[in-house]
Amino acid sequence: MADYKWPEEGKRKYIGKRISRVDGPHKVSGRAKYTYDLNRPGMLFGKILRSAHAHAKIVSIDISAAEKMPGVKAVKIIQGPGTEIQWALDEIAAVVAVDEPTAEDAIRAIKVVYEKLPHFVNEQNLDQVPAAYRRQPTEQTKGEPDAAFKQSDVVTVEGTYGNDVITHCCLETHGLVAEWEDDKNVLIHPSTQSVSSIGQELARALGIPAGNVHVKMDHIGGGFGSKFPIDRWGIEAARLSKMVGGKPVKIMLERDAELAVAGTRPSAYAKVKVAATKDGKLLAWDSESWGSGGVAGTGMPPYPYVWQIPNAKTKHFSITTHVGPQRAWRAPNHPQAALITMSAIDDLAAKLGTDPLDFFIKNIEMTGVRANVYKDELLKGAEMIEWKKLWRPRGEGAVGSTKTLKRGLGLSIHTWGGGGHASDCDLTIHPDGSVEIKLGSQDLGTGTRTTIQIVVAESLGLPFDGVKVYIGDNKYPPSGSSGGSTTIGGVSASSRRASIDALNQLFEKIAPAMSTTPDKLEATGGKIQVIGDPTKSMTWKQACAKLGTQPLTTRGKHPGKESLTSAGVGGAMMADVTVDIETGIVKMNNFVAIQDCGLIIDMKTAESQVFGAMIMGIGYSLYEEKIMDSQTGRMLNGNMEFYKLPGLADVGNFKVHMMTGKGYDERGPIGLGEPPTVSPGAAISNAVANAIGVRVSTIPLTPERVLAALAMKKGGSNG
Amino acid sequence: MSSPDDRSDIAADIPENSEFSEISNDNGGVSRRNFLKGSSVALTIPLIAKGEKIVKAGGAEVKVLGPDKVNITLNINGAQRTASVETRVTLLDTLRNELDMTGAKRVCDRATCGACTVVMDGKPVYACTVLAVDAQGKSIQTVESLDQNGNLHPVQQAFVDNDAQQCGFCTPGFVMACKALLDKNPSPTQEEMEMGLGGNLCRCGTYNGIKGAVAQASQEMKKTRTMKGGRGNG
């Protein structure tokens with residue numbers, strides 16, 4: 001009998017190899033249909049009128065002119081008079097019309113009277129946050145931090161560090177097409193990370209049974225943690241569709257709304273004091289931190305990050321603002337915590353006159369259970385980026401620096417959980433030998449389709465294209481939302497169990513015909529054979545014919561029998577940058593990542609995930625910032641000219657090394673979406689500090705900030 | 001990349017802020033569509049009868065189109081396609097909403113990101129910033145035309161092989177920009193590649209794969225040209 005556990009390294013045909021994503025040809029040819037691309041028969045277009053003010057009470061709304069316009073099919077107030085709006089561009093009313101221009105004209109014809117209320121949108125400076133927007137702080141203490149800082153043999157640094165608010169900026173904006181199949185059943189095509197559960201949320205809002213919502217999605221143009229909920233526009237699209245007799249209604253957010261209301265990564269700032277003994281052992285931490293994720297404030301990131309410093313004190317203020325609310329952004333709270341912790345520790349190493357690589361390794365036991373992983377990764381990274389050859393003490397400029405172009409190196413380490421989510425799947429073997437697997441999962445561009453196909457083909461000993469994968473439909477067995485790096489663990493385990501169960505049932509059917517018992521059979525190379533004896537075999541097709549007319553279907557589940565996945569990974573990153581001290585522009589030279597994620601199913605798409613995270617990381621380290629205007633309370637850069645993403649010329653060269661083999665593979669597949677997004681900010685900020693000899697306190701490290709830090713340094717107040 | 005220099009609506013998003021003020025609800029400033037609608041008045045397109053009228057401008061009689069829908073004919077991937085659109089409607093929205101050709105994506109909708117890239121008369125353009133009425137009489141090539149009989153174009157194959165895509169929403173635009181670059185310059189230097197693809201943005205971070213794809217496609221397309229003894233695979 002076949003068993004569940006993952007095949008040994010030498011016996012893997014597809015697992016861990018470099019396999020091109022299966023939906024690649026569809027995507028490059030423009031045939032992959034995303035929500036935004038759907039043109040359903042008789043489809044109408046919905047548009048949303050959004051609040052002009054960050055904080056206001058709606059006094060009155062007049063939709064009469066809009067309702068009378070030719071081509072307008074429905075107008076609906078979403079938040080009526082008396083409602084208090086808490087952020088600019090919140091939803092006020094919606095229209096449905098025959099085409100987009102008509103819908104836009106109708107939106108402009110709606111008249112809203114607001115009573116403006118005071119707003120607050122910029123929390124960068126704690127001292128300037130009005131008391132009404134500052135929650136009671138939370139405090140925690142471990143060990144004896146006060147006494148530790150007073151020890152005679154300590155070296156202490158103090159600094160202020162920060163991460164500004166950024167957005168998800170999915171290229172496909174949020175939205176959906178909603179249509180009623182009859183009075184009771186609604187079909188939605190959302191752009192979502194939650195195919196299996198988003199319908200339940202809509203059903204609750206509409207007051208209909210969950211089974212009456214059918215959800216379909218083939219492709220999603222980016223999510224990054226922002227596309228879990230049905231959202232108000234999703235519920236309203238369904239209601240508007242009902243108002244127009246069930247016709248399909250498409251609502252996709254405009255770019256300015258996407259950036260203003262469809263998710264942020266909360267800000268995080270901290271005043272930090274950190275100490276080590278003179279001989280370089282981390283001793284004590286003290287931070288006063290604050291940050292905001294909008295009207296609900298935000299919790300404290302895990303300070304100090306990764307390092308379990310024996311004496312630590314934290315105090316955190318949650319700040320509320322009139323800014324569109326936060327959503328999960330890859331590895332929630334970790335990038336911010338890494339920037340603040342690793343920057344402070346890097347400053348401490350600089351003050352001690354130590355190479356941060358040596359300082360990290362000297363203290364590596366303080367990283368806990370993955371100390372050895374981090375150590376191996378740091379040594380590997382140092383080799384990849386030629387750390388010891390290039391690195392010079394802070395401010396001296398790494399090898400290759402000139403009078404105005406200063407080169408620097410920086411590093412950071414990170415962690416993430418990523419245990420597999422719950423996942424059910426149905427695998428069917430047809431009597432003609434074809435195989436299909438169905439599950440209500442989704443492929444965010446991470447390669448989920450491809451990895452499921454790899455697992456099934458590997459498990460059944462079939463050619464890679466002998467398996468068909470169906471995802472993206474909530475009528476398939478439910479599989480978890482894709483968030484928190486939980487998908488690969490869940491879907492690989494459930495599809496492995498379904499495959500093995502199906503195979504064993506097939507073995508039972510055919511064993512008598514092969515004059516053997518099921519436990520003596522194996523599936524390999526498109527055949528079923530007596531273990532180790534290719535002369536006693538049957539082709540896959542011949543074997544499946546023994547099923548008669550009844551296909552064989554098995555339900556795979558995760559969690560389930562035997563441990564096939566686990567949680568908890570470690571990674572390291574090192575950045576090599578050049579800073580032009582005349583312009584303040586930071587240029588990426590080389591960037592290396594060393595990442596552990598258990599057993600890798602597809603090396604090609606796994607590496608792509610890491611490359612992608614590094615590039616997103618360059619974005620938030622150097623360019624991205626949601627700039628809010630204090631006067632109007634509105635986002636100043638709600639477009640892609642001024643909400644800057646890195647381009648191809650901005651990213652430099654990359655190297656990625658995945659930790660595999662003994663000690664890693666046996667832990668099973670662990671998710672990879674979050675961990676490599678964590679360290680870029682810290683690694684790049686540390687590299688810049690190393691290059692120019694002074695810390696630029698807050699990311700993004702814009703030229704203006706770099707020049708300001710250099711001016712401070714010149715002025716003698718070196719941090 | 002062609003990019004209009006007449007965009008005046010950048011960051012002009014400041015509404016009136018008086019108490020109890022009645023305000024316009026287009027997010028303030030000049031909306032893109034109104035802007036395009038206004039700018040189209042200055043156009044003269046002699047081909048169409050429906051929706052056409054003569055107005056006096058600066059003492060001269062000028063033929064104008066719109067604001068009602070006009071019938072247009074577009075030469076897309078070698079075929080004549082017709083649609084009825086308002087003059088303010090972009091080539092991108094015509095392709096996507098009228099002709100169901102959705103390879104070109106709407107992302108920034110204002111000539112920044114390149115997801116809507118199509119090739120017009122041999123040059124890559126942002127379809128979000130070309131009016132459909134202006135695209136008449138031009139040869140328009142979209143991503144849908146590249147693969148033939150199930151065979152991917154070398155640029156497309158290189159994107160697949162190098163995993164130069166994740167969510168894939170920027171990919172068709174990158175493929176078209178890359179093809180236009182290599183048609184013009186079969187062996188781009190690093191700098192030329194960065195210039196040629198500098199008008200396109202990816203959010204998932206696929207640039208490493210894209211660099212590899214350009215190198216592979218450049219090799220493949222050169223081979224094809226050599227085999228055909230001239231310019232091939234256009």
# chains A, B, ... in the order shown; residues from 1 in each chain; ligands from 1

$ residues_around --residues "segment 142-152 of chain B" --least-positions-apart "4" --cutoff "9 Å" --atoms "only C-alpha atoms" --output "PyMOL selection string"
(chain A and resi 25+28-31) or (chain B and resi 76-77+101-104+117-120+156-157+172-173+175-176+234)

$ write_last_selection --atoms "all heavy atoms" --output "compact mmCIF listing (two decimals), in the first residue's frame"
# COMPACT_ATOMS: atom_id res chain seq x y z
N PRO A 25 0.72 29.83 -19.92
CA PRO A 25 0.32 30.13 -21.31
C PRO A 25 -0.98 30.94 -21.39
O PRO A 25 -1.12 31.80 -22.27
CB PRO A 25 0.15 28.73 -21.93
CG PRO A 25 1.10 27.87 -21.15
CD PRO A 25 1.03 28.40 -19.73
N VAL A 28 0.03 34.67 -20.44
CA VAL A 28 0.83 35.43 -21.42
C VAL A 28 0.05 35.72 -22.70
O VAL A 28 0.43 36.61 -23.46
CB VAL A 28 2.14 34.71 -21.83
CG1 VAL A 28 3.09 34.63 -20.66
CG2 VAL A 28 1.89 33.34 -22.42
N SER A 29 -1.01 34.96 -22.93
CA SER A 29 -1.75 35.18 -24.17
C SER A 29 -2.96 36.09 -23.96
O SER A 29 -3.70 36.35 -24.91
CB SER A 29 -2.21 33.82 -24.73
OG SER A 29 -3.03 33.18 -23.79
N GLY A 30 -3.16 36.55 -22.74
CA GLY A 30 -4.30 37.42 -22.47
C GLY A 30 -5.61 36.68 -22.38
O GLY A 30 -6.67 37.28 -22.28
N ARG A 31 -5.55 35.34 -22.42
CA ARG A 31 -6.81 34.57 -22.38
C ARG A 31 -7.27 34.26 -20.97
O ARG A 31 -8.41 33.85 -20.77
CB ARG A 31 -6.64 33.27 -23.16
CG ARG A 31 -6.47 33.51 -24.64
CD ARG A 31 -6.45 32.22 -25.44
NE ARG A 31 -5.47 32.28 -26.52
CZ ARG A 31 -5.55 33.09 -27.57
NH1 ARG A 31 -6.59 33.89 -27.72
NH2 ARG A 31 -4.60 33.11 -28.47
N ILE B 76 -7.96 45.87 -36.04
CA ILE B 76 -7.35 45.19 -34.90
C ILE B 76 -6.87 43.81 -35.32
O ILE B 76 -7.66 42.99 -35.79
CB ILE B 76 -8.35 45.07 -33.73
CG1 ILE B 76 -8.84 46.46 -33.33
CG2 ILE B 76 -7.69 44.37 -32.54
CD1 ILE B 76 -9.99 46.44 -32.37
N ASN B 77 -5.61 43.57 -35.15
CA ASN B 77 -5.00 42.28 -35.51
C ASN B 77 -5.37 41.87 -36.94
O ASN B 77 -5.66 40.72 -37.22
CB ASN B 77 -5.41 41.20 -34.51
CG ASN B 77 -5.02 41.57 -33.09
OD1 ASN B 77 -4.03 42.27 -32.87
ND2 ASN B 77 -5.80 41.13 -32.12
N MET B 101 -12.13 42.02 -25.95
CA MET B 101 -10.70 41.69 -26.05
C MET B 101 -10.05 42.22 -24.77
O MET B 101 -9.71 43.39 -24.67
CB MET B 101 -10.09 42.32 -27.29
CG MET B 101 -10.80 41.84 -28.55
SD MET B 101 -10.11 42.56 -30.04
CE MET B 101 -8.64 41.59 -30.18
N THR B 102 -9.89 41.33 -23.80
CA THR B 102 -9.54 41.78 -22.45
C THR B 102 -8.10 41.48 -22.06
O THR B 102 -7.75 41.53 -20.89
CB THR B 102 -10.50 41.15 -21.41
OG1 THR B 102 -10.42 39.73 -21.54
CG2 THR B 102 -11.92 41.60 -21.63
N GLY B 103 -7.28 41.16 -23.07
CA GLY B 103 -5.86 40.94 -22.76
C GLY B 103 -5.21 42.20 -22.21
O GLY B 103 -4.49 42.16 -21.21
N ALA B 104 -5.47 43.32 -22.85
CA ALA B 104 -4.98 44.61 -22.32
C ALA B 104 -5.78 44.93 -21.07
O ALA B 104 -7.01 44.86 -21.08
CB ALA B 104 -5.13 45.70 -23.36
N THR B 117 -0.86 48.03 -22.62
CA THR B 117 -0.03 48.25 -23.82
C THR B 117 -0.51 47.45 -25.03
O THR B 117 -0.71 46.24 -24.95
CB THR B 117 1.44 47.88 -23.52
OG1 THR B 117 1.90 48.67 -22.43
CG2 THR B 117 2.32 48.11 -24.74
N VAL B 118 -0.71 48.17 -26.13
CA VAL B 118 -0.96 47.54 -27.43
C VAL B 118 0.02 48.18 -28.41
O VAL B 118 0.64 49.21 -28.10
CB VAL B 118 -2.41 47.74 -27.93
CG1 VAL B 118 -3.41 47.13 -26.96
CG2 VAL B 118 -2.72 49.22 -28.16
N VAL B 119 0.17 47.57 -29.56
CA VAL B 119 1.08 48.15 -30.55
C VAL B 119 0.25 48.82 -31.63
O VAL B 119 -0.65 48.20 -32.21
CB VAL B 119 2.00 47.06 -31.14
CG1 VAL B 119 2.85 47.63 -32.28
CG2 VAL B 119 2.92 46.50 -30.04
N MET B 120 0.51 50.11 -31.85
CA MET B 120 -0.27 50.87 -32.84
C MET B 120 0.71 51.38 -33.90
O MET B 120 1.67 52.08 -33.56
CB MET B 120 -1.00 52.02 -32.15
CG MET B 120 -2.08 52.64 -32.99
SD MET B 120 -3.31 53.50 -31.96
CE MET B 120 -2.50 55.06 -31.74
N GLN B 156 6.24 35.17 -25.59
CA GLN B 156 5.31 34.54 -24.64
C GLN B 156 5.94 33.29 -24.02
O GLN B 156 5.85 33.06 -22.82
CB GLN B 156 4.00 34.17 -25.35
CG GLN B 156 3.22 35.40 -25.80
CD GLN B 156 2.00 35.01 -26.62
OE1 GLN B 156 2.11 34.21 -27.56
NE2 GLN B 156 0.85 35.55 -26.28
N GLN B 157 6.57 32.48 -24.89
CA GLN B 157 7.19 31.26 -24.39
C GLN B 157 8.28 31.59 -23.38
O GLN B 157 8.43 30.92 -22.36
CB GLN B 157 7.79 30.45 -25.56
CG GLN B 157 8.28 29.06 -25.17
CD GLN B 157 7.14 28.19 -24.62
OE1 GLN B 157 6.09 28.06 -25.24
NE2 GLN B 157 7.34 27.61 -23.44
N PRO B 172 0.27 40.63 -19.94
CA PRO B 172 0.04 40.92 -21.35
C PRO B 172 0.66 42.25 -21.77
O PRO B 172 1.22 42.36 -22.88
CB PRO B 172 -1.49 40.96 -21.46
CG PRO B 172 -1.96 40.08 -20.35
CD PRO B 172 -0.99 40.34 -19.22
N GLY B 173 0.61 43.25 -20.91
CA GLY B 173 1.23 44.54 -21.22
C GLY B 173 2.73 44.43 -21.36
O GLY B 173 3.34 45.00 -22.27
N VAL B 175 4.34 41.68 -22.13
CA VAL B 175 4.61 40.88 -23.33
C VAL B 175 4.61 41.78 -24.56
O VAL B 175 5.50 41.71 -25.41
CB VAL B 175 3.59 39.73 -23.46
CG1 VAL B 175 3.61 39.13 -24.86
CG2 VAL B 175 3.85 38.65 -22.42
N MET B 176 3.62 42.66 -24.65
CA MET B 176 3.53 43.54 -25.82
C MET B 176 4.68 44.55 -25.85
O MET B 176 5.26 44.83 -26.90
CB MET B 176 2.18 44.27 -25.84
CG MET B 176 0.99 43.37 -26.11
SD MET B 176 1.17 42.33 -27.57
CE MET B 176 0.87 43.51 -28.89
N GLY B 234 6.76 38.87 -37.04
CA GLY B 234 6.33 40.22 -36.67
C GLY B 234 5.11 40.23 -35.96
O GLY B 234 4.30 40.10 -35.42

$ residues_around --residues "Val130 of chain B" --least-positions-apart "3" --cutoff "7 Å" --atoms "only C-alpha atoms" --output "JSON, numbers by chain"
{"B": [90, 91, 126, 127, 134, 135]}

$ closest_residue --among "A:Ala398, A:Ala56, A:Leu552, A:Val373" --to "chain B" --atoms "only C-alpha atoms"
A:Ala56

$ atom_distance --atom1 "atom CA of Tyr620 of chain A" --atom2 "atom CA of Gly447 of chain A"
23.8 Å

$ select_by_dssp --residues "segment 563-673 of chain A" --states "alpha helix (DSSP H)" --output "ChimeraX atom specification"
/A:603-618

$ write_last_selection --atoms "all heavy atoms" --output "CSV table (one decimal), in the first residue's frame"
chain,number,residue,atom,x,y,z
A,603,MET,N,10.2,24.4,-7.2
A,603,MET,CA,11.3,25.3,-7.0
A,603,MET,C,11.2,26.5,-7.8
A,603,MET,O,11.5,27.6,-7.3
A,603,MET,CB,12.7,24.6,-7.3
A,603,MET,CG,13.9,25.4,-7.0
A,603,MET,SD,14.0,25.9,-5.3
A,603,MET,CE,14.7,24.4,-4.5
A,604,LYS,N,10.7,26.4,-9.0
A,604,LYS,CA,10.6,27.6,-9.9
A,604,LYS,C,9.6,28.7,-9.3
A,604,LYS,O,10.0,29.8,-9.1
A,604,LYS,CB,10.1,27.2,-11.3
A,604,LYS,CG,10.2,28.3,-12.3
A,604,LYS,CD,9.8,27.9,-13.7
A,604,LYS,CE,10.9,27.5,-14.6
A,604,LYS,NZ,10.5,27.3,-16.0
A,605,THR,N,8.4,28.2,-8.9
A,605,THR,CA,7.5,29.2,-8.4
A,605,THR,C,7.8,29.6,-7.0
A,605,THR,O,7.5,30.8,-6.6
A,605,THR,CB,6.0,28.7,-8.5
A,605,THR,OG1,6.0,27.4,-7.9
A,605,THR,CG2,5.5,28.6,-9.9
A,606,ALA,N,8.5,28.8,-6.2
A,606,ALA,CA,8.9,29.1,-4.9
A,606,ALA,C,9.9,30.3,-5.0
A,606,ALA,O,9.8,31.3,-4.3
A,606,ALA,CB,9.5,27.9,-4.2
A,607,GLU,N,10.9,30.1,-5.9
A,607,GLU,CA,11.9,31.2,-6.0
A,607,GLU,C,11.2,32.5,-6.5
A,607,GLU,O,11.6,33.6,-6.1
A,607,GLU,CB,13.0,30.8,-7.0
A,607,GLU,CG,14.0,29.8,-6.4
A,607,GLU,CD,15.1,29.5,-7.5
A,607,GLU,OE1,15.1,29.9,-8.6
A,607,GLU,OE2,16.0,28.7,-7.1
A,608,SER,N,10.3,32.4,-7.4
A,608,SER,CA,9.5,33.6,-7.9
A,608,SER,C,8.9,34.3,-6.7
A,608,SER,O,8.9,35.5,-6.7
A,608,SER,CB,8.5,33.2,-8.9
A,608,SER,OG,9.1,32.8,-10.1
A,609,GLN,N,8.3,33.5,-5.8
A,609,GLN,CA,7.7,34.1,-4.6
A,609,GLN,C,8.7,35.0,-3.9
A,609,GLN,O,8.4,36.1,-3.4
A,609,GLN,CB,7.2,33.0,-3.7
A,609,GLN,CG,5.9,32.5,-4.1
A,609,GLN,CD,4.8,33.1,-3.3
A,609,GLN,OE1,4.3,34.2,-3.6
A,609,GLN,NE2,4.3,32.5,-2.3
A,610,VAL,N,9.9,34.4,-3.7
A,610,VAL,CA,10.9,35.2,-2.9
A,610,VAL,C,11.4,36.4,-3.7
A,610,VAL,O,11.5,37.5,-3.1
A,610,VAL,CB,12.1,34.2,-2.6
A,610,VAL,CG1,13.1,35.0,-1.7
A,610,VAL,CG2,11.6,33.0,-1.8
A,611,PHE,N,11.7,36.2,-5.0
A,611,PHE,CA,12.1,37.4,-5.8
A,611,PHE,C,11.0,38.5,-5.7
A,611,PHE,O,11.3,39.6,-5.5
A,611,PHE,CB,12.2,37.0,-7.3
A,611,PHE,CG,13.4,36.2,-7.7
A,611,PHE,CD1,13.3,35.0,-8.4
A,611,PHE,CD2,14.7,36.6,-7.3
A,611,PHE,CE1,14.4,34.3,-8.7
A,611,PHE,CE2,15.8,35.9,-7.6
A,611,PHE,CZ,15.7,34.7,-8.4
A,612,GLY,N,9.7,38.0,-5.8
A,612,GLY,CA,8.6,39.0,-5.8
A,612,GLY,C,8.6,39.7,-4.4
A,612,GLY,O,8.4,40.9,-4.4
A,613,ALA,N,8.8,39.0,-3.3
A,613,ALA,CA,8.7,39.6,-2.0
A,613,ALA,C,9.9,40.6,-1.9
A,613,ALA,O,9.7,41.7,-1.3
A,613,ALA,CB,8.8,38.5,-1.0
A,614,MET,N,11.0,40.3,-2.4
A,614,MET,CA,12.2,41.2,-2.3
A,614,MET,C,11.9,42.5,-3.1
A,614,MET,O,12.2,43.6,-2.7
A,614,MET,CB,13.4,40.5,-2.9
A,614,MET,CG,13.9,39.3,-2.1
A,614,MET,SD,15.1,38.3,-3.0
A,614,MET,CE,16.6,39.1,-2.6
A,615,ILE,N,11.2,42.3,-4.3
A,615,ILE,CA,10.9,43.5,-5.1
A,615,ILE,C,9.8,44.4,-4.4
A,615,ILE,O,9.9,45.6,-4.3
A,615,ILE,CB,10.6,43.1,-6.5
A,615,ILE,CG1,11.8,42.6,-7.2
A,615,ILE,CG2,10.0,44.3,-7.3
A,615,ILE,CD1,11.6,41.9,-8.5
A,616,MET,N,8.8,43.7,-3.9
A,616,MET,CA,7.8,44.5,-3.1
A,616,MET,C,8.5,45.2,-1.9
A,616,MET,O,8.1,46.3,-1.6
A,616,MET,CB,6.7,43.5,-2.6
A,616,MET,CG,5.5,43.5,-3.4
A,616,MET,SD,4.2,42.5,-2.6
A,616,MET,CE,2.8,43.6,-2.7
A,617,GLY,N,9.5,44.5,-1.4
A,617,GLY,CA,10.2,45.0,-0.2
A,617,GLY,C,11.0,46.2,-0.6
A,617,GLY,O,11.1,47.2,0.1
A,618,ILE,N,11.6,46.2,-1.8
A,618,ILE,CA,12.3,47.4,-2.3
A,618,ILE,C,11.3,48.5,-2.5
A,618,ILE,O,11.6,49.7,-2.1
A,618,ILE,CB,13.0,47.1,-3.7
A,618,ILE,CG1,14.2,46.1,-3.5
A,618,ILE,CG2,13.5,48.4,-4.3
A,618,ILE,CD1,14.8,45.5,-4.7

$ select_by_dssp --residues "segment 262-311 of chain A" --states "strand (DSSP E)" --output "ChimeraX atom specification"
/A:264-265,268-277,282-291,311

$ write_last_selection --atoms "C-alpha atoms" --output "PDB file, in the first residue's frame"
ATOM      1  CA  THR A 264      -3.354  49.727   4.089  1.00  0.00           C
ATOM      2  CA  ARG A 265      -0.444  48.316   5.995  1.00  0.00           C
ATOM      3  CA  ALA A 268       4.671  51.698  13.032  1.00  0.00           C
ATOM      4  CA  TYR A 269       7.011  54.083  14.803  1.00  0.00           C
ATOM      5  CA  ALA A 270       9.091  53.590  17.935  1.00  0.00           C
ATOM      6  CA  LYS A 271      11.576  55.289  20.206  1.00  0.00           C
ATOM      7  CA  VAL A 272      13.932  52.490  21.103  1.00  0.00           C
ATOM      8  CA  LYS A 273      16.688  52.030  23.657  1.00  0.00           C
ATOM      9  CA  VAL A 274      18.696  48.836  23.324  1.00  0.00           C
ATOM     10  CA  ALA A 275      21.764  47.685  25.229  1.00  0.00           C
ATOM     11  CA  ALA A 276      24.463  45.042  25.048  1.00  0.00           C
ATOM     12  CA  THR A 277      27.329  44.196  27.300  1.00  0.00           C
ATOM     13  CA  LEU A 282      22.341  41.629  23.817  1.00  0.00           C
ATOM     14  CA  LEU A 283      21.013  42.579  27.217  1.00  0.00           C
ATOM     15  CA  ALA A 284      18.062  44.944  27.331  1.00  0.00           C
ATOM     16  CA  TRP A 285      15.308  46.535  25.223  1.00  0.00           C
ATOM     17  CA  ASP A 286      12.974  49.424  25.908  1.00  0.00           C
ATOM     18  CA  SER A 287      10.543  50.768  23.319  1.00  0.00           C
ATOM     19  CA  GLU A 288       7.758  53.301  23.252  1.00  0.00           C
ATOM     20  CA  SER A 289       5.869  52.659  20.058  1.00  0.00           C
ATOM     21  CA  TRP A 290       2.828  53.893  18.211  1.00  0.00           C
ATOM     22  CA  GLY A 291       1.098  53.381  14.922  1.00  0.00           C
ATOM     23  CA  ASN A 311      15.231  42.155  29.716  1.00  0.00           C
TER      24      ASN A 311
END

$ residues_around --residues "segment 191-203 of chain B" --least-positions-apart "2" --cutoff "8 Å" --atoms "only C-alpha atoms" --output "list of chain:residue names"
A:Cys169, A:Cys170, A:Leu171, A:Gly222, A:Met616, A:Leu645, A:Pro646, A:Gly647, A:Leu648, A:Ala649, B:Met1, B:Thr112, B:Cys113, B:Gly114, B:Ala115, B:Cys170, B:Gly173, B:Phe174, B:Ala177, B:Cys178, B:Leu181, B:Pro188, B:Thr189, B:Gly205, B:Thr206, B:Tyr207, B:Val214

$ atom_distance --atom1 "atom CA of Pro154 of chain B" --atom2 "atom CA of Arg106 of chain B"
24.9 Å

$ residues_around --residues "Arg21 of chain A" --least-positions-apart "4" --cutoff "12 Å" --atoms "only C-alpha atoms" --output "VMD selection string"
(chain A and resid 17 25 to 28 443 445 to 454 464 to 465 601 to 606 608) or (chain B and resid 157 159 to 168)

$ residues_around --residues "segment 557-568 of chain A" --least-positions-apart "4" --cutoff "6 Å" --atoms "only C-alpha atoms" --output "MDAnalysis selection string"
chainID A and resid 416:419 422:424 489:490 493:494 667:669
